[in-house]
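See structure below.
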Amino acid sequence: MPDTAAPAGVDLVATQRCTVRVLAAGQVLTGVAFGATLSLGALLAADLSGQESLSGFATASVTLGAALTAIPLARLAARRGRRLALTTGNIAALTGIAVVIAAAASRAFPLLLVGIALIGAGNAATLQSRFAATDLAPTARRGRDLATVVWATTVGGVVGPLLLAPGELLGASIGMPRLTGAYLFSFAAQACAFALYVLVLRPDPLLLAQRLDRESTASAPAVPQADRPALARFAMLAVAASHVTMASVMAMTPVHLSHIVAPDAVTLAVGVTIALHVFGMYGLSPVFGILADRRGRIPVIVLGQVLLAASLATASAFGGSQAGVLVALVLLGLGWSAATVAGSALLTEATPVALRPRRQGRSDTLMTACAAAGSVLAGVILGLVGYGGLALWALVPVAVVCIAAVVALRTRA
């Protein structure tokens, strides 16, 4: 949004501060819900299908669900506001959790994928929360406000995987299917997020930003906001490629850990590893947001690629040990965080307010669709060349982003 005066009766600074707080609280809750899916999806898929090579279909389903709904949710936000788009995602996720539990009870692998896809639709709305944080943000704070909302996912994303063991005990005590107990916590968290958005996210940040843009255009029609489509395309590429790198390796990590960890310690190992990976994804996002505001978006995107490359090298060289996998997954999360925060901020500032929901939806669709394809392919690659070979293949999108960054810097200059 252009830096412009607020209409009478609206304290824009206070409104933005409240919006960021509400979105951050929602991220904590939805992070709890999604953390269980990240940890359990591959294990449930392997269990119900009877084939480890199909375990990647879980991550593929969650990302495909997000990909198919990102643009419709963005269009809904553009017409009716962020609040309705976010609550629609909550409803989809609640439905998906119920379907996953039913699938596990009936041992129905296709139904499991449907349920996980619905949870992915909820994650599409969660991803759009980071853009909602920029609707009213001034240019100088755009990266920090976006990163604050991303960072809030740390709490839920770390707690979610750590609830696997307690969830299993709770689920077993009431007769739930194996590996589904943690979804009780997920359902409760999604329901709380739904109530939060309905009751507290007022005024709607996108609708207010659109109003301010219309008033600014009416008062100064000769100074429209610049549209920089080349930079917007690079931002979409950087976010999508970084996400497919992260998702491909992360999706196969629970299966790989099941091969190198004692059977009775697999659930704990997966929970701790994914929790620390999620901390890497979100824990330092405010730092990357500040760096993006001060040093520029493209340099921070490149920093993300360096961290991703370090992660993949570690996974390839030391993937035979649990400690090596843990270090690789933390670095993987940090690289994703730097590229996603800086890339999302670059996409927002390169696009006029009127076009933002559409481009943001396209970006999330591209990101999640690529990750869905990458997750399926990752299962095949894992079976052919192992975890270390998968890490080496994942270097390809990292190299593509680095080359594109050089071109983008020249174009910007």
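In the structure tokens, chains take letters A, B, ... by order of appearance, with residues numbered from 1 within each chain and ligands from 1 in the order shown.
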
**Report entry** Residues near region 125-142 of chain A, cut-off 9 Å, only C-alpha atoms, skip fewer than 2 positions along chain, as a PyMOL selection string
**Finding:** chain A and resi 1-4+12-13+15-16+19-20+23-24+26-27+30-31+66+69-70+73-74+82+85-90+120-123+144-150+205-210+289-290+293-294+341+344-345+348-349+353+356-357+360-361+364

Requested in this report: For Val300 (chain A), list every protein, DNA or RNA residue within 9 Å, evaluated using only C-alpha atoms, and leave out those in the same chain fewer than 3 positions away; present the list as number ranges by chain.
Outcome: A: 288-289, 291-292, 295-297, 303-305, 338-339, 341-343

Query raised in the report: How many Å lie between CA of Leu212 (chain A) and CA of Ala235 (chain A), rounded to one decimal?
Result: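 Going from CA of Leu212 (chain A) over to CA of Ala235 (chain A), I get 25.3 Å.
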
Requested in this report: Within 12 Å of Leu44 (chain A), counting only C-alpha atoms, which residues show up once you throw out same-chain ones fewer than 4 positions away? Write them as a PyMOL selection string, please.
Outcome: chain A and resi 36-40+48-52+54-59+100-101+103-105+107-113+115-116+177-180+254-255+267

Would you save the residues of that selection, restricted to N, CA and C atoms, as an mmCIF file, in the first residue's frame?
data_model
loop_
_atom_site.group_PDB
_atom_site.id
_atom_site.type_symbol
_atom_site.label_atom_id
_atom_site.label_comp_id
_atom_site.auth_asym_id
_atom_site.auth_seq_id
_atom_site.Cartn_x
_atom_site.Cartn_y
_atom_site.Cartn_z
ATOM 1 N N ALA A 36 1.390 -31.168 12.812
ATOM 2 C CA ALA A 36 1.086 -32.601 12.892
ATOM 3 C C ALA A 36 1.017 -33.223 11.507
ATOM 4 N N THR A 37 0.449 -32.493 10.537
ATOM 5 C CA THR A 37 0.344 -33.015 9.175
ATOM 6 C C THR A 37 1.726 -33.188 8.549
ATOM 7 N N LEU A 38 2.626 -32.202 8.777
ATOM 8 C CA LEU A 38 3.981 -32.330 8.258
ATOM 9 C C LEU A 38 4.666 -33.580 8.786
ATOM 10 N N SER A 39 4.460 -33.854 10.068
ATOM 11 C CA SER A 39 5.160 -34.969 10.695
ATOM 12 C C SER A 39 4.520 -36.321 10.382
ATOM 13 N N LEU A 40 3.200 -36.376 10.365
ATOM 14 C CA LEU A 40 2.501 -37.655 10.272
ATOM 15 C C LEU A 40 2.094 -38.041 8.861
ATOM 16 N N LEU A 48 -0.820 -46.765 5.291
ATOM 17 C CA LEU A 48 -2.083 -47.146 4.653
ATOM 18 C C LEU A 48 -1.877 -47.750 3.269
ATOM 19 N N SER A 49 -0.852 -47.268 2.551
ATOM 20 C CA SER A 49 -0.622 -47.789 1.199
ATOM 21 C C SER A 49 0.199 -49.065 1.211
ATOM 22 N N GLY A 50 0.994 -49.255 2.265
ATOM 23 C CA GLY A 50 1.873 -50.413 2.324
ATOM 24 C C GLY A 50 3.120 -50.269 1.475
ATOM 25 N N GLN A 51 3.363 -49.074 0.931
ATOM 26 C CA GLN A 51 4.534 -48.845 0.077
ATOM 27 C C GLN A 51 5.199 -47.518 0.454
ATOM 28 N N GLU A 52 6.460 -47.593 0.862
ATOM 29 C CA GLU A 52 7.168 -46.368 1.234
ATOM 30 C C GLU A 52 7.352 -45.432 0.048
ATOM 31 N N LEU A 54 5.254 -44.490 -1.913
ATOM 32 C CA LEU A 54 4.081 -43.623 -2.032
ATOM 33 C C LEU A 54 3.973 -42.627 -0.888
ATOM 34 N N SER A 55 4.957 -42.600 0.010
ATOM 35 C CA SER A 55 4.881 -41.700 1.156
ATOM 36 C C SER A 55 4.928 -40.237 0.729
ATOM 37 N N GLY A 56 5.581 -39.957 -0.395
ATOM 38 C CA GLY A 56 5.641 -38.583 -0.877
ATOM 39 C C GLY A 56 4.303 -38.046 -1.325
ATOM 40 N N PHE A 57 3.334 -38.928 -1.540
ATOM 41 C CA PHE A 57 2.012 -38.475 -1.964
ATOM 42 C C PHE A 57 1.310 -37.661 -0.867
ATOM 43 N N ALA A 58 1.723 -37.843 0.385
ATOM 44 C CA ALA A 58 1.119 -37.051 1.460
ATOM 45 C C ALA A 58 1.477 -35.581 1.312
ATOM 46 N N THR A 59 2.776 -35.294 1.177
ATOM 47 C CA THR A 59 3.195 -33.905 0.983
ATOM 48 C C THR A 59 2.676 -33.377 -0.344
ATOM 49 N N VAL A 100 -9.141 -37.245 7.449
ATOM 50 C CA VAL A 100 -7.913 -38.008 7.688
ATOM 51 C C VAL A 100 -8.140 -39.061 8.763
ATOM 52 N N ILE A 101 -8.805 -38.694 9.841
ATOM 53 C CA ILE A 101 -9.072 -39.658 10.924
ATOM 54 C C ILE A 101 -9.972 -40.791 10.418
ATOM 55 N N ALA A 103 -10.185 -41.810 7.333
ATOM 56 C CA ALA A 103 -9.390 -42.621 6.399
ATOM 57 C C ALA A 103 -8.506 -43.601 7.139
ATOM 58 N N ALA A 104 -7.883 -43.142 8.225
ATOM 59 C CA ALA A 104 -7.033 -44.041 9.008
ATOM 60 C C ALA A 104 -7.860 -45.155 9.640
ATOM 61 N N ALA A 105 -9.072 -44.821 10.065
ATOM 62 C CA ALA A 105 -9.934 -45.839 10.677
ATOM 63 C C ALA A 105 -10.378 -46.881 9.665
ATOM 64 N N ARG A 107 -8.733 -47.521 6.815
ATOM 65 C CA ARG A 107 -7.564 -47.969 6.040
ATOM 66 C C ARG A 107 -7.725 -47.624 4.567
ATOM 67 N N ALA A 108 -8.220 -46.437 4.275
ATOM 68 C CA ALA A 108 -8.485 -46.008 2.892
ATOM 69 C C ALA A 108 -7.439 -44.984 2.472
ATOM 70 N N PHE A 109 -6.476 -45.433 1.693
ATOM 71 C CA PHE A 109 -5.389 -44.553 1.258
ATOM 72 C C PHE A 109 -5.886 -43.391 0.399
ATOM 73 N N PRO A 110 -6.745 -43.604 -0.608
ATOM 74 C CA PRO A 110 -7.225 -42.461 -1.402
ATOM 75 C C PRO A 110 -7.963 -41.426 -0.560
ATOM 76 N N LEU A 111 -8.761 -41.901 0.407
ATOM 77 C CA LEU A 111 -9.489 -40.963 1.266
ATOM 78 C C LEU A 111 -8.511 -40.154 2.120
ATOM 79 N N LEU A 112 -7.409 -40.785 2.532
ATOM 80 C CA LEU A 112 -6.375 -40.059 3.276
ATOM 81 C C LEU A 112 -5.846 -38.886 2.473
ATOM 82 N N LEU A 113 -5.588 -39.115 1.193
ATOM 83 C CA LEU A 113 -5.051 -38.049 0.341
ATOM 84 C C LEU A 113 -6.053 -36.918 0.178
ATOM 85 N N GLY A 115 -8.296 -36.019 2.451
ATOM 86 C CA GLY A 115 -8.272 -35.273 3.703
ATOM 87 C C GLY A 115 -7.058 -34.383 3.827
ATOM 88 N N ILE A 116 -5.897 -34.895 3.443
ATOM 89 C CA ILE A 116 -4.669 -34.099 3.520
ATOM 90 C C ILE A 116 -4.732 -32.929 2.547
ATOM 91 N N PRO A 177 -7.611 -44.308 15.668
ATOM 92 C CA PRO A 177 -6.680 -45.082 14.855
ATOM 93 C C PRO A 177 -5.226 -44.681 15.129
ATOM 94 N N ARG A 178 -4.321 -45.591 14.873
ATOM 95 C CA ARG A 178 -2.902 -45.351 15.069
ATOM 96 C C ARG A 178 -2.433 -44.142 14.245
ATOM 97 N N LEU A 179 -1.555 -43.333 14.828
ATOM 98 C CA LEU A 179 -0.936 -42.161 14.206
ATOM 99 C C LEU A 179 -1.893 -40.986 13.995
ATOM 100 N N THR A 180 -3.054 -40.988 14.624
ATOM 101 C CA THR A 180 -4.000 -39.890 14.415
ATOM 102 C C THR A 180 -4.303 -39.101 15.684
ATOM 103 N N PRO A 254 11.031 -37.980 7.256
ATOM 104 C CA PRO A 254 10.478 -38.980 8.178
ATOM 105 C C PRO A 254 10.713 -40.418 7.718
ATOM 106 N N VAL A 255 10.571 -40.669 6.428
ATOM 107 C CA VAL A 255 10.811 -42.021 5.907
ATOM 108 C C VAL A 255 12.278 -42.401 6.063
ATOM 109 N N THR A 267 8.990 -42.181 16.219
ATOM 110 C CA THR A 267 8.049 -41.067 16.424
ATOM 111 C C THR A 267 8.727 -39.894 17.115
#

Query raised in the report: Just how far from CA of Trp393 (chain A) is CA of Gly374 (chain A), in Å to one decimal?
Result: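 Interatomic distance, CA of Gly374 (chain A) to CA of Trp393 (chain A): 10.6 Å.
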
Report task. Compile the contact shell of Ala394 (chain A) as JSON, numbers by chain: residues with an atom at most 10 Å away, counting only C-alpha atoms, same-chain residues fewer than 5 positions apart removed. Result -> {"A": [241, 242, 244, 245, 246, 247, 248, 249, 308, 309, 312, 374, 378, 389, 399]}

Residues as selected, N, CA and C atoms, written as a PDB file, in the first residue's frame, can you do that?
ATOM      1  N   ALA A 241      10.876 -21.840  -6.118  1.00  0.00           N
ATOM      2  CA  ALA A 241      12.026 -22.743  -6.181  1.00  0.00           C
ATOM      3  C   ALA A 241      12.545 -23.081  -4.785  1.00  0.00           C
ATOM      4  N   SER A 242      12.575 -22.099  -3.905  1.00  0.00           N
ATOM      5  CA  SER A 242      13.029 -22.361  -2.536  1.00  0.00           C
ATOM      6  C   SER A 242      12.071 -23.301  -1.822  1.00  0.00           C
ATOM      7  N   VAL A 244      10.089 -25.611  -3.242  1.00  0.00           N
ATOM      8  CA  VAL A 244      10.161 -26.972  -3.757  1.00  0.00           C
ATOM      9  C   VAL A 244      11.422 -27.669  -3.246  1.00  0.00           C
ATOM     10  N   THR A 245      12.511 -26.926  -3.089  1.00  0.00           N
ATOM     11  CA  THR A 245      13.726 -27.504  -2.515  1.00  0.00           C
ATOM     12  C   THR A 245      13.469 -27.973  -1.089  1.00  0.00           C
ATOM     13  N   MET A 246      12.860 -27.086  -0.305  1.00  0.00           N
ATOM     14  CA  MET A 246      12.581 -27.423   1.090  1.00  0.00           C
ATOM     15  C   MET A 246      11.602 -28.590   1.193  1.00  0.00           C
ATOM     16  N   ALA A 247      10.484 -28.519   0.468  1.00  0.00           N
ATOM     17  CA  ALA A 247       9.432 -29.524   0.601  1.00  0.00           C
ATOM     18  C   ALA A 247       9.896 -30.905   0.153  1.00  0.00           C
ATOM     19  N   SER A 248      10.685 -30.966  -0.891  1.00  0.00           N
ATOM     20  CA  SER A 248      11.128 -32.262  -1.418  1.00  0.00           C
ATOM     21  C   SER A 248      11.976 -33.016  -0.406  1.00  0.00           C
ATOM     22  N   VAL A 249      12.914 -32.319   0.218  1.00  0.00           N
ATOM     23  CA  VAL A 249      13.789 -32.980   1.181  1.00  0.00           C
ATOM     24  C   VAL A 249      13.052 -33.241   2.489  1.00  0.00           C
ATOM     25  N   LEU A 308      20.378 -22.856   1.777  1.00  0.00           N
ATOM     26  CA  LEU A 308      19.809 -24.085   1.223  1.00  0.00           C
ATOM     27  C   LEU A 308      20.906 -25.002   0.683  1.00  0.00           C
ATOM     28  N   ALA A 309      21.876 -24.414  -0.011  1.00  0.00           N
ATOM     29  CA  ALA A 309      22.976 -25.213  -0.546  1.00  0.00           C
ATOM     30  C   ALA A 309      23.774 -25.865   0.581  1.00  0.00           C
ATOM     31  N   LEU A 312      21.775 -28.863   1.839  1.00  0.00           N
ATOM     32  CA  LEU A 312      21.792 -30.024   0.939  1.00  0.00           C
ATOM     33  C   LEU A 312      23.149 -30.712   0.954  1.00  0.00           C
ATOM     34  N   GLY A 374       7.313 -31.845  -6.856  1.00  0.00           N
ATOM     35  CA  GLY A 374       8.615 -32.185  -6.302  1.00  0.00           C
ATOM     36  C   GLY A 374       8.545 -33.259  -5.245  1.00  0.00           C
ATOM     37  N   ALA A 378      10.353 -36.687  -5.392  1.00  0.00           N
ATOM     38  CA  ALA A 378      11.325 -36.963  -4.336  1.00  0.00           C
ATOM     39  C   ALA A 378      11.210 -38.407  -3.853  1.00  0.00           C
ATOM     40  N   GLY A 389      21.481 -38.713  -2.476  1.00  0.00           N
ATOM     41  CA  GLY A 389      21.277 -38.392  -3.889  1.00  0.00           C
ATOM     42  C   GLY A 389      20.131 -37.423  -4.087  1.00  0.00           C
ATOM     43  N   ALA A 399      20.376 -23.458  -7.907  1.00  0.00           N
ATOM     44  CA  ALA A 399      21.210 -22.855  -8.946  1.00  0.00           C
ATOM     45  C   ALA A 399      20.390 -21.963  -9.871  1.00  0.00           C
TER      46      ALA A 399
END

Query raised in the report: Quick one: residues within 9 Å of Ala405 (chain A), only C-alpha atoms counted, chain neighbours fewer than 2 positions away excluded, as number ranges by chain?
Result: A: 234, 238, 298-299, 301-302, 400-403, 407-410

Report summary line: Using only C-alpha atoms, the residue out of A:Leu346, A:Leu170, A:Val325, A:Ala371 with shortest distance to Gly388 (chain A) is A:Val325

Report task. Enumerate the residues of region 19-237 of chain A with a DSSP assignment of alpha helix (DSSP H), computed from the backbone, and present them as a PyMOL selection string. Result -> chain A and resi 19-49+56-80+82-106+109-132+142-162+164-173+183-200+205-219+229-237

**Report entry** Spatial neighbours of region 269-271 of chain A, max dist 9 Å, only C-alpha atoms, sep filter under 2 positions, as a list in words
**Finding:**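 Selected residues are Ala36, Ser39, Leu40, Val158, Gly160, Pro161, Leu162, Leu163, Leu164, Ala165, Thr253, Pro254, Val255, Leu257, Ser258, Val261, Ala265, Val266, Thr267, Thr273, Ile274, Ala275, Leu276 and Gln322 of chain A.
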
Given the selection you just returned, output its residues as a file containing N, CA and C atoms, formatted as a PDB file, in the first residue's frame.
ATOM      1  N   ALA A  36       1.390 -31.168  12.812  1.00  0.00           N
ATOM      2  CA  ALA A  36       1.086 -32.601  12.892  1.00  0.00           C
ATOM      3  C   ALA A  36       1.017 -33.223  11.507  1.00  0.00           C
ATOM      4  N   SER A  39       4.460 -33.854  10.068  1.00  0.00           N
ATOM      5  CA  SER A  39       5.160 -34.969  10.695  1.00  0.00           C
ATOM      6  C   SER A  39       4.520 -36.321  10.382  1.00  0.00           C
ATOM      7  N   LEU A  40       3.200 -36.376  10.365  1.00  0.00           N
ATOM      8  CA  LEU A  40       2.501 -37.655  10.272  1.00  0.00           C
ATOM      9  C   LEU A  40       2.094 -38.041   8.861  1.00  0.00           C
ATOM     10  N   VAL A 158       6.568 -25.579  16.061  1.00  0.00           N
ATOM     11  CA  VAL A 158       7.457 -26.370  16.905  1.00  0.00           C
ATOM     12  C   VAL A 158       6.656 -27.225  17.886  1.00  0.00           C
ATOM     13  N   GLY A 160       3.543 -28.291  17.516  1.00  0.00           N
ATOM     14  CA  GLY A 160       2.760 -29.307  16.822  1.00  0.00           C
ATOM     15  C   GLY A 160       3.443 -30.659  16.729  1.00  0.00           C
ATOM     16  N   PRO A 161       4.658 -30.729  16.164  1.00  0.00           N
ATOM     17  CA  PRO A 161       5.339 -32.032  16.095  1.00  0.00           C
ATOM     18  C   PRO A 161       5.646 -32.625  17.466  1.00  0.00           C
ATOM     19  N   LEU A 162       5.894 -31.771  18.463  1.00  0.00           N
ATOM     20  CA  LEU A 162       6.191 -32.292  19.795  1.00  0.00           C
ATOM     21  C   LEU A 162       4.955 -32.874  20.477  1.00  0.00           C
ATOM     22  N   LEU A 163       3.780 -32.621  19.916  1.00  0.00           N
ATOM     23  CA  LEU A 163       2.545 -33.187  20.468  1.00  0.00           C
ATOM     24  C   LEU A 163       2.247 -34.582  19.919  1.00  0.00           C
ATOM     25  N   LEU A 164       3.128 -35.097  19.052  1.00  0.00           N
ATOM     26  CA  LEU A 164       2.870 -36.410  18.450  1.00  0.00           C
ATOM     27  C   LEU A 164       2.759 -37.501  19.516  1.00  0.00           C
ATOM     28  N   ALA A 165       3.762 -37.559  20.402  1.00  0.00           N
ATOM     29  CA  ALA A 165       3.744 -38.623  21.410  1.00  0.00           C
ATOM     30  C   ALA A 165       2.569 -38.467  22.380  1.00  0.00           C
ATOM     31  N   THR A 253      12.201 -36.892   4.773  1.00  0.00           N
ATOM     32  CA  THR A 253      12.989 -37.052   5.991  1.00  0.00           C
ATOM     33  C   THR A 253      12.354 -38.022   6.986  1.00  0.00           C
ATOM     34  N   PRO A 254      11.031 -37.980   7.256  1.00  0.00           N
ATOM     35  CA  PRO A 254      10.478 -38.980   8.178  1.00  0.00           C
ATOM     36  C   PRO A 254      10.713 -40.418   7.718  1.00  0.00           C
ATOM     37  N   VAL A 255      10.571 -40.669   6.428  1.00  0.00           N
ATOM     38  CA  VAL A 255      10.811 -42.021   5.907  1.00  0.00           C
ATOM     39  C   VAL A 255      12.278 -42.401   6.063  1.00  0.00           C
ATOM     40  N   LEU A 257      14.413 -41.225   8.274  1.00  0.00           N
ATOM     41  CA  LEU A 257      14.705 -41.433   9.690  1.00  0.00           C
ATOM     42  C   LEU A 257      14.212 -42.801  10.158  1.00  0.00           C
ATOM     43  N   SER A 258      13.124 -43.291   9.582  1.00  0.00           N
ATOM     44  CA  SER A 258      12.613 -44.607   9.985  1.00  0.00           C
ATOM     45  C   SER A 258      13.587 -45.731   9.632  1.00  0.00           C
ATOM     46  N   VAL A 261      16.895 -44.953  12.489  1.00  0.00           N
ATOM     47  CA  VAL A 261      16.608 -44.824  13.921  1.00  0.00           C
ATOM     48  C   VAL A 261      15.920 -46.103  14.392  1.00  0.00           C
ATOM     49  N   ALA A 265      11.926 -45.575  18.527  1.00  0.00           N
ATOM     50  CA  ALA A 265      12.284 -44.165  18.709  1.00  0.00           C
ATOM     51  C   ALA A 265      11.942 -43.316  17.488  1.00  0.00           C
ATOM     52  N   VAL A 266      11.269 -43.920  16.500  1.00  0.00           N
ATOM     53  CA  VAL A 266      11.008 -43.191  15.257  1.00  0.00           C
ATOM     54  C   VAL A 266      10.104 -41.985  15.491  1.00  0.00           C
ATOM     55  N   THR A 267       8.990 -42.181  16.219  1.00  0.00           N
ATOM     56  CA  THR A 267       8.049 -41.067  16.424  1.00  0.00           C
ATOM     57  C   THR A 267       8.727 -39.894  17.115  1.00  0.00           C
ATOM     58  N   THR A 273      12.990 -33.700  15.050  1.00  0.00           N
ATOM     59  CA  THR A 273      13.631 -33.197  13.835  1.00  0.00           C
ATOM     60  C   THR A 273      12.738 -32.210  13.101  1.00  0.00           C
ATOM     61  N   ILE A 274      11.469 -32.546  12.927  1.00  0.00           N
ATOM     62  CA  ILE A 274      10.559 -31.640  12.230  1.00  0.00           C
ATOM     63  C   ILE A 274      10.321 -30.382  13.051  1.00  0.00           C
ATOM     64  N   ALA A 275      10.268 -30.506  14.378  1.00  0.00           N
ATOM     65  CA  ALA A 275      10.082 -29.326  15.223  1.00  0.00           C
ATOM     66  C   ALA A 275      11.243 -28.348  15.044  1.00  0.00           C
ATOM     67  N   LEU A 276      12.482 -28.860  15.040  1.00  0.00           N
ATOM     68  CA  LEU A 276      13.639 -27.984  14.854  1.00  0.00           C
ATOM     69  C   LEU A 276      13.695 -27.438  13.428  1.00  0.00           C
ATOM     70  N   GLN A 322      21.543 -39.381  12.507  1.00  0.00           N
ATOM     71  CA  GLN A 322      20.421 -38.555  12.918  1.00  0.00           C
ATOM     72  C   GLN A 322      20.859 -37.111  13.148  1.00  0.00           C
TER      73      GLN A 322
END

Requested in this report: Find the distance between CA of Thr368 (chain A) and CA of Thr63 (chain A) and write it in Å to one decimal.
Outcome: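 One can read the CA of Thr368 (chain A) to CA of Thr63 (chain A) distance as 4.8 Å.
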